[in-house]
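Undergrad: First, the structure itself, so that you have it in front of you.
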Amino acid sequence: MTAAADPSPPALPMHERIRQEIEGRILAGDLRPGERIPSELELMAHYGCARMTVNKALSRLAESGLLDRRKRAGTFVARPRTVSMVLDIPDLAQEVQGRGQAYGFRLLSRSLGDTASDAEAAAELGPVGPILRLSGLHLADGAPLALEERVINLALVPGMAEVDFTTDPPGGWLLRHIPWTEAENRIGADSASRDQARALGVAAGAACLVVARHTWRGADSVTFVRQTFVAGAYELVARFGPTR
């Protein structure tokens, strides 16, 4: 009689198991940008494996942009790379407070979906699967500053579906918890639609500053956000010079 096939999946190579577990801790927020991870010796003892195996796992994570390996200092969860960008990714809460105003955020809507049935999200992020859509209003001294419409790839940020963004803006949360490796800013102007005008307290058709931003971790999309600012209430400043 022929023996039944074993339905259990083949065991992962140890370096892949280590890579997946460290990546999972980063994505869950257990390890945050700038935080030092256990040393190679500590990981060798924990997993009972050779140094080469640990090194292979950490090298893969560094190649994907999740870890920053520094000689004689250790290995750290990567911080966002901003030095090569003409415009950094701003934290609106800090910017508003930095100019002496009271910052506020109001969540307007949130919904779960999937790029398989959301053509707009698929165009913004690519066919990533489960997504979270958020719409919110940034306030300065109680007055509308910007309407934010954001879509997040939940495959990379699974814990974000459980976060309460009633008052805490998602952009600031992402900057504090999720490392990214590349970002694209697109800046333009547009006329406020009827819904946008209602949220911003301006006339329909009023000119607005629009900033669209896409961030990636390696080849994978993290989030796409479109922020529509009240004209005259916000400015983008970048100062740069020749490299030396």
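In the structure tokens, each chain is lettered A, B, ... as it comes, each chain's residues begin at 1, and ligands are numbered from 1 in order of appearance.
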Once DSSP has gone over the backbone, tell me which residues of region 39-146 of chain A are in alpha helix (DSSP H), as a count of residues only.

TA: 35

Undergrad: Just want the 9 Å neighbourhood of Arg213 (chain A), counted on only C-alpha atoms, with same-chain residues fewer than 6 positions away dropped. Output as a list in words.

TA: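 Counting only C-alpha atoms, the residues come to Ile89, Ala183, Glu184, Asn185, Arg186, Ile187, Thr223, Phe224, Val225, Arg226 and Gln227 of chain A.
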
Undergrad: Based on the selection just made, write all heavy atoms of those residues as a compact mmCIF listing (two decimals), in the first residue's frame.

TA:
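File selection.txt, as written:
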# COMPACT_ATOMS: atom_id res chain seq x y z
N ILE A 89 9.75 64.19 4.05
CA ILE A 89 8.37 63.89 4.38
C ILE A 89 8.05 64.64 5.67
O ILE A 89 8.62 64.36 6.72
CB ILE A 89 8.15 62.38 4.56
CG1 ILE A 89 8.30 61.68 3.22
CG2 ILE A 89 6.78 62.11 5.15
CD1 ILE A 89 7.98 60.21 3.25
N ALA A 183 10.76 57.62 -1.53
CA ALA A 183 9.53 58.41 -1.54
C ALA A 183 9.51 59.32 -2.75
O ALA A 183 10.56 59.74 -3.25
CB ALA A 183 9.41 59.25 -0.27
N GLU A 184 8.31 59.60 -3.22
CA GLU A 184 8.12 60.50 -4.35
C GLU A 184 7.09 61.55 -3.97
O GLU A 184 5.99 61.22 -3.52
CB GLU A 184 7.64 59.72 -5.57
CG GLU A 184 7.32 60.59 -6.79
CD GLU A 184 6.75 59.77 -7.93
OE1 GLU A 184 5.52 59.51 -7.93
OE2 GLU A 184 7.53 59.36 -8.81
N ASN A 185 7.44 62.82 -4.14
CA ASN A 185 6.52 63.93 -3.91
C ASN A 185 6.08 64.51 -5.24
O ASN A 185 6.92 64.75 -6.12
CB ASN A 185 7.20 65.05 -3.11
CG ASN A 185 7.31 64.73 -1.64
OD1 ASN A 185 6.35 64.31 -1.01
ND2 ASN A 185 8.50 64.92 -1.07
N ARG A 186 4.79 64.76 -5.38
CA ARG A 186 4.28 65.48 -6.54
C ARG A 186 3.47 66.67 -6.03
O ARG A 186 2.55 66.50 -5.23
CB ARG A 186 3.40 64.57 -7.40
CG ARG A 186 4.18 63.45 -8.08
CD ARG A 186 3.33 62.69 -9.05
NE ARG A 186 4.10 61.64 -9.70
CZ ARG A 186 3.62 60.85 -10.66
NH1 ARG A 186 2.36 61.01 -11.07
NH2 ARG A 186 4.38 59.93 -11.20
N ILE A 187 3.82 67.86 -6.50
CA ILE A 187 3.21 69.08 -5.98
C ILE A 187 2.52 69.81 -7.13
O ILE A 187 3.08 69.97 -8.22
CB ILE A 187 4.30 70.00 -5.36
CG1 ILE A 187 5.04 69.23 -4.27
CG2 ILE A 187 3.68 71.26 -4.80
CD1 ILE A 187 6.34 69.86 -3.86
N THR A 223 2.46 53.37 1.30
CA THR A 223 1.27 54.21 1.36
C THR A 223 1.26 55.23 0.23
O THR A 223 2.32 55.61 -0.30
CB THR A 223 1.18 54.95 2.72
OG1 THR A 223 -0.04 55.67 2.80
CG2 THR A 223 2.34 55.91 2.90
N PHE A 224 0.08 55.65 -0.15
CA PHE A 224 -0.11 56.77 -1.07
C PHE A 224 -1.04 57.75 -0.38
O PHE A 224 -2.09 57.36 0.15
CB PHE A 224 -0.72 56.32 -2.39
CG PHE A 224 -0.96 57.46 -3.35
CD1 PHE A 224 0.05 57.89 -4.19
CD2 PHE A 224 -2.18 58.11 -3.39
CE1 PHE A 224 -0.15 58.95 -5.06
CE2 PHE A 224 -2.40 59.17 -4.25
CZ PHE A 224 -1.38 59.60 -5.09
N VAL A 225 -0.67 59.03 -0.37
CA VAL A 225 -1.49 60.03 0.30
C VAL A 225 -1.61 61.27 -0.58
O VAL A 225 -0.66 61.65 -1.27
CB VAL A 225 -0.88 60.40 1.68
CG1 VAL A 225 0.52 60.98 1.54
CG2 VAL A 225 -1.79 61.38 2.43
N ARG A 226 -2.78 61.86 -0.55
CA ARG A 226 -3.01 63.12 -1.24
C ARG A 226 -3.51 64.14 -0.22
O ARG A 226 -4.52 63.92 0.45
CB ARG A 226 -4.03 62.95 -2.36
CG ARG A 226 -4.27 64.25 -3.16
CD ARG A 226 -5.27 64.03 -4.28
NE ARG A 226 -4.71 63.20 -5.36
CZ ARG A 226 -5.00 61.92 -5.54
NH1 ARG A 226 -5.87 61.30 -4.74
NH2 ARG A 226 -4.45 61.23 -6.53
N GLN A 227 -2.77 65.23 -0.07
CA GLN A 227 -3.13 66.28 0.89
C GLN A 227 -3.50 67.54 0.12
O GLN A 227 -2.71 68.04 -0.69
CB GLN A 227 -1.97 66.56 1.85
CG GLN A 227 -1.65 65.36 2.75
CD GLN A 227 -0.36 65.55 3.54
OE1 GLN A 227 0.57 66.19 3.07
NE2 GLN A 227 -0.31 64.99 4.73

Undergrad: If we count only C-alpha atoms and set the cut-off at 12 Å, which residues sit around region 147-149 of chain A, ignoring sequence neighbours fewer than 5 positions away in its own chain? Please answer as JSON, numbers by chain.

TA: {"A": [92, 105, 106, 107, 108, 109, 110, 111, 121, 124, 132, 133, 134, 135, 136, 137, 138, 139, 169, 170, 171, 192, 193, 195, 196, 197, 198, 199, 200, 201, 202, 208, 209, 210, 211, 212, 213, 223, 224, 225, 226, 227, 228, 229, 230]}

Undergrad: Of the residues A:Pro13, A:Gly113, A:Pro33, A:Gly218, which is the one nearest to Pro179 (chain A), using only C-alpha atoms?

TA: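 Smallest separation from Pro179 (chain A) among the options: A:Pro33.
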
Undergrad: Could you work out how far CA of Leu145 (chain A) lies from CA of Ala102 (chain A), giving the answer in Å with one decimal?

TA: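 Interatomic distance here is 11.5 Å.
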
Undergrad: Using only C-alpha atoms, pick whichever of A:His15, A:Ala143, A:Val77, A:Glu23 has the shortest atom-to-atom distance to Arg51 (chain A).

TA: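 Once distances to Arg51 (chain A) are computed over only C-alpha atoms, the minimum belongs to A:His15.
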
Undergrad: Between A:Ala161, A:Ala93, A:Leu174, A:Ala189, which has the minimum distance to Gly205 (chain A) (counting only C-alpha atoms)?

TA: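 Residue with the minimum atom-to-atom distance to Gly205 (chain A): A:Ala189.
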
Undergrad: Kindly give the distance, in Å, that separates CA of Glu35 (chain A) and CA of Leu125 (chain A), rounded to a single decimal.

TA: 28.0 Å

Undergrad: Extract, using only C-alpha atoms, all DNA, RNA and protein residues at most 9 Å from region 38-43 of chain A, discarding same-chain residues fewer than 3 positions from it, and format them as a PDB file with all heavy atoms, in the first residue's frame.

TA:
ATOM      1  N   ILE A  18      14.862  33.402  10.449  1.00  0.00           N
ATOM      2  CA  ILE A  18      15.357  34.554  11.211  1.00  0.00           C
ATOM      3  C   ILE A  18      14.939  35.849  10.529  1.00  0.00           C
ATOM      4  O   ILE A  18      14.455  36.794  11.171  1.00  0.00           O
ATOM      5  CB  ILE A  18      16.889  34.487  11.353  1.00  0.00           C
ATOM      6  CG1 ILE A  18      17.295  33.248  12.146  1.00  0.00           C
ATOM      7  CG2 ILE A  18      17.425  35.756  12.022  1.00  0.00           C
ATOM      8  CD1 ILE A  18      18.785  32.970  12.140  1.00  0.00           C
ATOM      9  N   HIS A  46      20.289  32.466  20.467  1.00  0.00           N
ATOM     10  CA  HIS A  46      18.824  32.318  20.500  1.00  0.00           C
ATOM     11  C   HIS A  46      18.338  31.256  19.530  1.00  0.00           C
ATOM     12  O   HIS A  46      17.462  30.438  19.873  1.00  0.00           O
ATOM     13  CB  HIS A  46      18.168  33.654  20.169  1.00  0.00           C
ATOM     14  CG  HIS A  46      16.669  33.601  20.132  1.00  0.00           C
ATOM     15  ND1 HIS A  46      15.892  33.548  21.273  1.00  0.00           N
ATOM     16  CD2 HIS A  46      15.799  33.560  19.079  1.00  0.00           C
ATOM     17  CE1 HIS A  46      14.614  33.485  20.923  1.00  0.00           C
ATOM     18  NE2 HIS A  46      14.530  33.497  19.604  1.00  0.00           N
ATOM     19  N   TYR A  47      18.908  31.249  18.316  1.00  0.00           N
ATOM     20  CA  TYR A  47      18.437  30.313  17.293  1.00  0.00           C
ATOM     21  C   TYR A  47      19.260  29.027  17.218  1.00  0.00           C
ATOM     22  O   TYR A  47      18.878  28.098  16.499  1.00  0.00           O
ATOM     23  CB  TYR A  47      18.435  30.997  15.925  1.00  0.00           C
ATOM     24  CG  TYR A  47      17.344  32.020  15.777  1.00  0.00           C
ATOM     25  CD1 TYR A  47      17.611  33.381  15.920  1.00  0.00           C
ATOM     26  CD2 TYR A  47      16.033  31.644  15.484  1.00  0.00           C
ATOM     27  CE1 TYR A  47      16.610  34.337  15.786  1.00  0.00           C
ATOM     28  CE2 TYR A  47      15.027  32.588  15.347  1.00  0.00           C
ATOM     29  CZ  TYR A  47      15.324  33.924  15.499  1.00  0.00           C
ATOM     30  OH  TYR A  47      14.320  34.859  15.361  1.00  0.00           O
ATOM     31  N   GLY A  48      20.393  28.983  17.933  1.00  0.00           N
ATOM     32  CA  GLY A  48      21.231  27.792  17.901  1.00  0.00           C
ATOM     33  C   GLY A  48      21.793  27.519  16.522  1.00  0.00           C
ATOM     34  O   GLY A  48      21.723  26.397  16.018  1.00  0.00           O
ATOM     35  N   CYS A  49      22.354  28.564  15.893  1.00  0.00           N
ATOM     36  CA  CYS A  49      22.843  28.409  14.526  1.00  0.00           C
ATOM     37  C   CYS A  49      24.195  29.086  14.379  1.00  0.00           C
ATOM     38  O   CYS A  49      24.699  29.733  15.301  1.00  0.00           O
ATOM     39  CB  CYS A  49      21.846  28.990  13.534  1.00  0.00           C
ATOM     40  SG  CYS A  49      21.607  30.773  13.709  1.00  0.00           S
ATOM     41  N   ARG A  51      27.155  31.662  12.774  1.00  0.00           N
ATOM     42  CA  ARG A  51      27.206  33.102  12.517  1.00  0.00           C
ATOM     43  C   ARG A  51      26.886  33.407  11.049  1.00  0.00           C
ATOM     44  O   ARG A  51      26.244  34.413  10.743  1.00  0.00           O
ATOM     45  CB  ARG A  51      28.582  33.643  12.882  1.00  0.00           C
ATOM     46  CG  ARG A  51      28.658  35.154  12.822  1.00  0.00           C
ATOM     47  CD  ARG A  51      29.900  35.668  13.505  1.00  0.00           C
ATOM     48  NE  ARG A  51      29.793  37.068  13.861  1.00  0.00           N
ATOM     49  CZ  ARG A  51      30.486  37.628  14.841  1.00  0.00           C
ATOM     50  NH1 ARG A  51      31.293  36.905  15.587  1.00  0.00           N
ATOM     51  NH2 ARG A  51      30.345  38.918  15.098  1.00  0.00           N
ATOM     52  N   VAL A  54      23.123  33.724  10.568  1.00  0.00           N
ATOM     53  CA  VAL A  54      22.600  34.995  11.070  1.00  0.00           C
ATOM     54  C   VAL A  54      22.984  36.128  10.134  1.00  0.00           C
ATOM     55  O   VAL A  54      22.163  36.988   9.793  1.00  0.00           O
ATOM     56  CB  VAL A  54      23.133  35.269  12.492  1.00  0.00           C
ATOM     57  CG1 VAL A  54      22.776  36.685  12.933  1.00  0.00           C
ATOM     58  CG2 VAL A  54      22.559  34.259  13.472  1.00  0.00           C
ATOM     59  N   ASN A  55      24.251  36.129   9.698  1.00  0.00           N
ATOM     60  CA  ASN A  55      24.731  37.187   8.822  1.00  0.00           C
ATOM     61  C   ASN A  55      23.944  37.218   7.514  1.00  0.00           C
ATOM     62  O   ASN A  55      23.635  38.294   6.995  1.00  0.00           O
ATOM     63  CB  ASN A  55      26.221  36.992   8.533  1.00  0.00           C
ATOM     64  CG  ASN A  55      26.818  38.137   7.746  1.00  0.00           C
ATOM     65  OD1 ASN A  55      26.791  38.143   6.521  1.00  0.00           O
ATOM     66  ND2 ASN A  55      27.364  39.107   8.458  1.00  0.00           N
ATOM     67  N   LEU A  58      20.530  38.902   8.211  1.00  0.00           N
ATOM     68  CA  LEU A  58      20.643  40.348   8.424  1.00  0.00           C
ATOM     69  C   LEU A  58      21.017  41.068   7.137  1.00  0.00           C
ATOM     70  O   LEU A  58      20.552  42.191   6.884  1.00  0.00           O
ATOM     71  CB  LEU A  58      21.681  40.634   9.514  1.00  0.00           C
ATOM     72  CG  LEU A  58      21.385  40.067  10.910  1.00  0.00           C
ATOM     73  CD1 LEU A  58      22.445  40.521  11.901  1.00  0.00           C
ATOM     74  CD2 LEU A  58      19.994  40.458  11.391  1.00  0.00           C
ATOM     75  N   GLY A  74      26.862  48.059  15.658  1.00  0.00           N
ATOM     76  CA  GLY A  74      25.736  47.132  15.740  1.00  0.00           C
ATOM     77  C   GLY A  74      24.800  47.288  14.551  1.00  0.00           C
ATOM     78  O   GLY A  74      25.112  47.946  13.563  1.00  0.00           O
ATOM     79  N   THR A  75      23.642  46.682  14.675  1.00  0.00           N
ATOM     80  CA  THR A  75      22.640  46.703  13.612  1.00  0.00           C
ATOM     81  C   THR A  75      21.377  47.352  14.152  1.00  0.00           C
ATOM     82  O   THR A  75      20.903  47.013  15.239  1.00  0.00           O
ATOM     83  CB  THR A  75      22.337  45.281  13.114  1.00  0.00           C
ATOM     84  OG1 THR A  75      23.555  44.677  12.650  1.00  0.00           O
ATOM     85  CG2 THR A  75      21.335  45.297  11.976  1.00  0.00           C
ATOM     86  N   PHE A  76      20.821  48.290  13.374  1.00  0.00           N
ATOM     87  CA  PHE A  76      19.688  49.081  13.829  1.00  0.00           C
ATOM     88  C   PHE A  76      18.560  49.024  12.795  1.00  0.00           C
ATOM     89  O   PHE A  76      18.804  48.842  11.603  1.00  0.00           O
ATOM     90  CB  PHE A  76      20.100  50.543  14.028  1.00  0.00           C
ATOM     91  CG  PHE A  76      21.213  50.731  15.025  1.00  0.00           C
ATOM     92  CD1 PHE A  76      22.539  50.504  14.669  1.00  0.00           C
ATOM     93  CD2 PHE A  76      20.929  51.114  16.325  1.00  0.00           C
ATOM     94  CE1 PHE A  76      23.569  50.662  15.590  1.00  0.00           C
ATOM     95  CE2 PHE A  76      21.944  51.281  17.253  1.00  0.00           C
ATOM     96  CZ  PHE A  76      23.271  51.050  16.887  1.00  0.00           C
TER      97      PHE A  76
END

Undergrad: Would you mind telling me which residue in A:Ser191, A:Asn153, A:Ser64, A:Thr181 lies nearest to Val222 (chain A) when using only C-alpha atoms?

TA: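 The answer is A:Asn153, which sits nearest to Val222 (chain A).
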
Undergrad: Give me the residues near Trp180 (chain A) as a PDB file with N, CA and C atoms, in the first residue's frame, where near means some atom within 12 Å (using only C-alpha atoms) and where sequence neighbours in that chain fewer than 5 positions away do not count.

TA:
ATOM      1  N   ILE A  26       9.597  44.179  13.205  1.00  0.00           N
ATOM      2  CA  ILE A  26       9.692  45.565  12.738  1.00  0.00           C
ATOM      3  C   ILE A  26       8.330  46.055  12.277  1.00  0.00           C
ATOM      4  N   LEU A  27       7.640  45.239  11.470  1.00  0.00           N
ATOM      5  CA  LEU A  27       6.343  45.647  10.937  1.00  0.00           C
ATOM      6  C   LEU A  27       5.283  45.768  12.029  1.00  0.00           C
ATOM      7  N   ARG A  32      11.495  49.563  16.489  1.00  0.00           N
ATOM      8  CA  ARG A  32      11.169  50.829  15.834  1.00  0.00           C
ATOM      9  C   ARG A  32      12.377  51.432  15.140  1.00  0.00           C
ATOM     10  N   PRO A  33      12.158  52.336  14.179  1.00  0.00           N
ATOM     11  CA  PRO A  33      13.284  52.975  13.489  1.00  0.00           C
ATOM     12  C   PRO A  33      14.292  53.557  14.465  1.00  0.00           C
ATOM     13  N   SER A  64      16.998  44.985   1.755  1.00  0.00           N
ATOM     14  CA  SER A  64      15.618  45.418   1.520  1.00  0.00           C
ATOM     15  C   SER A  64      15.322  46.776   2.149  1.00  0.00           C
ATOM     16  N   GLY A  65      16.323  47.336   2.868  1.00  0.00           N
ATOM     17  CA  GLY A  65      16.147  48.660   3.447  1.00  0.00           C
ATOM     18  C   GLY A  65      15.583  48.676   4.848  1.00  0.00           C
ATOM     19  N   LEU A  66      15.424  47.504   5.476  1.00  0.00           N
ATOM     20  CA  LEU A  66      14.837  47.469   6.817  1.00  0.00           C
ATOM     21  C   LEU A  66      15.871  47.660   7.926  1.00  0.00           C
ATOM     22  N   LEU A  67      17.123  47.270   7.676  1.00  0.00           N
ATOM     23  CA  LEU A  67      18.153  47.373   8.702  1.00  0.00           C
ATOM     24  C   LEU A  67      19.312  48.234   8.216  1.00  0.00           C
ATOM     25  N   VAL A  77      17.337  49.190  13.292  1.00  0.00           N
ATOM     26  CA  VAL A  77      16.210  49.325  12.374  1.00  0.00           C
ATOM     27  C   VAL A  77      16.416  50.618  11.597  1.00  0.00           C
ATOM     28  N   ALA A  78      16.311  50.535  10.274  1.00  0.00           N
ATOM     29  CA  ALA A  78      16.636  51.683   9.420  1.00  0.00           C
ATOM     30  C   ALA A  78      15.678  52.841   9.656  1.00  0.00           C
ATOM     31  N   ARG A  79      16.236  54.026   9.642  1.00  0.00           N
ATOM     32  CA  ARG A  79      15.432  55.252   9.663  1.00  0.00           C
ATOM     33  C   ARG A  79      15.160  55.661   8.218  1.00  0.00           C
ATOM     34  N   PRO A  80      14.119  56.469   7.985  1.00  0.00           N
ATOM     35  CA  PRO A  80      13.860  56.951   6.623  1.00  0.00           C
ATOM     36  C   PRO A  80      15.067  57.662   6.049  1.00  0.00           C
ATOM     37  N   ARG A  81      15.345  57.427   4.784  1.00  0.00           N
ATOM     38  CA  ARG A  81      16.460  58.083   4.111  1.00  0.00           C
ATOM     39  C   ARG A  81      15.983  59.409   3.533  1.00  0.00           C
ATOM     40  N   THR A  82      16.491  60.489   4.088  1.00  0.00           N
ATOM     41  CA  THR A  82      16.005  61.790   3.644  1.00  0.00           C
ATOM     42  C   THR A  82      17.091  62.660   3.019  1.00  0.00           C
ATOM     43  N   ILE A  89       9.754  64.190   4.046  1.00  0.00           N
ATOM     44  CA  ILE A  89       8.374  63.892   4.379  1.00  0.00           C
ATOM     45  C   ILE A  89       8.049  64.636   5.667  1.00  0.00           C
ATOM     46  N   LEU A 156       2.105  45.212   4.353  1.00  0.00           N
ATOM     47  CA  LEU A 156       3.336  45.709   4.969  1.00  0.00           C
ATOM     48  C   LEU A 156       3.101  46.296   6.350  1.00  0.00           C
ATOM     49  N   VAL A 157       1.885  46.769   6.591  1.00  0.00           N
ATOM     50  CA  VAL A 157       1.579  47.428   7.869  1.00  0.00           C
ATOM     51  C   VAL A 157       0.308  46.796   8.459  1.00  0.00           C
ATOM     52  N   LEU A 174       2.973  56.552  10.945  1.00  0.00           N
ATOM     53  CA  LEU A 174       3.838  55.829  10.008  1.00  0.00           C
ATOM     54  C   LEU A 174       5.295  56.261  10.161  1.00  0.00           C
ATOM     55  N   LEU A 175       5.543  57.558  10.313  1.00  0.00           N
ATOM     56  CA  LEU A 175       6.910  58.040  10.475  1.00  0.00           C
ATOM     57  C   LEU A 175       7.550  57.481  11.738  1.00  0.00           C
ATOM     58  N   HIS A 214       4.012  59.180  -2.492  1.00  0.00           N
ATOM     59  CA  HIS A 214       4.035  57.715  -2.554  1.00  0.00           C
ATOM     60  C   HIS A 214       5.314  57.258  -1.871  1.00  0.00           C
ATOM     61  N   THR A 215       5.206  56.316  -0.933  1.00  0.00           N
ATOM     62  CA  THR A 215       6.402  55.781  -0.274  1.00  0.00           C
ATOM     63  C   THR A 215       6.488  54.282  -0.494  1.00  0.00           C
ATOM     64  N   TRP A 216       7.728  53.799  -0.572  1.00  0.00           N
ATOM     65  CA  TRP A 216       8.006  52.379  -0.796  1.00  0.00           C
ATOM     66  C   TRP A 216       8.960  51.856   0.272  1.00  0.00           C
ATOM     67  N   ARG A 217       8.917  50.561   0.477  1.00  0.00           N
ATOM     68  CA  ARG A 217       9.958  49.847   1.219  1.00  0.00           C
ATOM     69  C   ARG A 217      10.498  48.805   0.266  1.00  0.00           C
ATOM     70  N   GLY A 218      11.683  49.073  -0.268  1.00  0.00           N
ATOM     71  CA  GLY A 218      12.189  48.233  -1.334  1.00  0.00           C
ATOM     72  C   GLY A 218      11.314  48.415  -2.568  1.00  0.00           C
ATOM     73  N   ALA A 219      10.827  47.312  -3.116  1.00  0.00           N
ATOM     74  CA  ALA A 219       9.962  47.383  -4.299  1.00  0.00           C
ATOM     75  C   ALA A 219       8.486  47.468  -3.935  1.00  0.00           C
ATOM     76  N   ASP A 220       8.169  47.394  -2.650  1.00  0.00           N
ATOM     77  CA  ASP A 220       6.770  47.320  -2.210  1.00  0.00           C
ATOM     78  C   ASP A 220       6.234  48.678  -1.761  1.00  0.00           C
ATOM     79  N   SER A 221       5.028  49.015  -2.209  1.00  0.00           N
ATOM     80  CA  SER A 221       4.379  50.257  -1.787  1.00  0.00           C
ATOM     81  C   SER A 221       3.971  50.183  -0.327  1.00  0.00           C
ATOM     82  N   VAL A 222       4.212  51.264   0.410  1.00  0.00           N
ATOM     83  CA  VAL A 222       3.748  51.366   1.794  1.00  0.00           C
ATOM     84  C   VAL A 222       2.441  52.153   1.844  1.00  0.00           C
ATOM     85  N   THR A 223       2.464  53.374   1.302  1.00  0.00           N
ATOM     86  CA  THR A 223       1.267  54.212   1.362  1.00  0.00           C
ATOM     87  C   THR A 223       1.262  55.234   0.227  1.00  0.00           C
TER      88      THR A 223
END

Undergrad: Can you measure CA of Asp190 (chain A) to CA of Gly100 (chain A) for me? One decimal in Å is fine.

TA: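 Distance reported for this atom pair: 28.0 Å.
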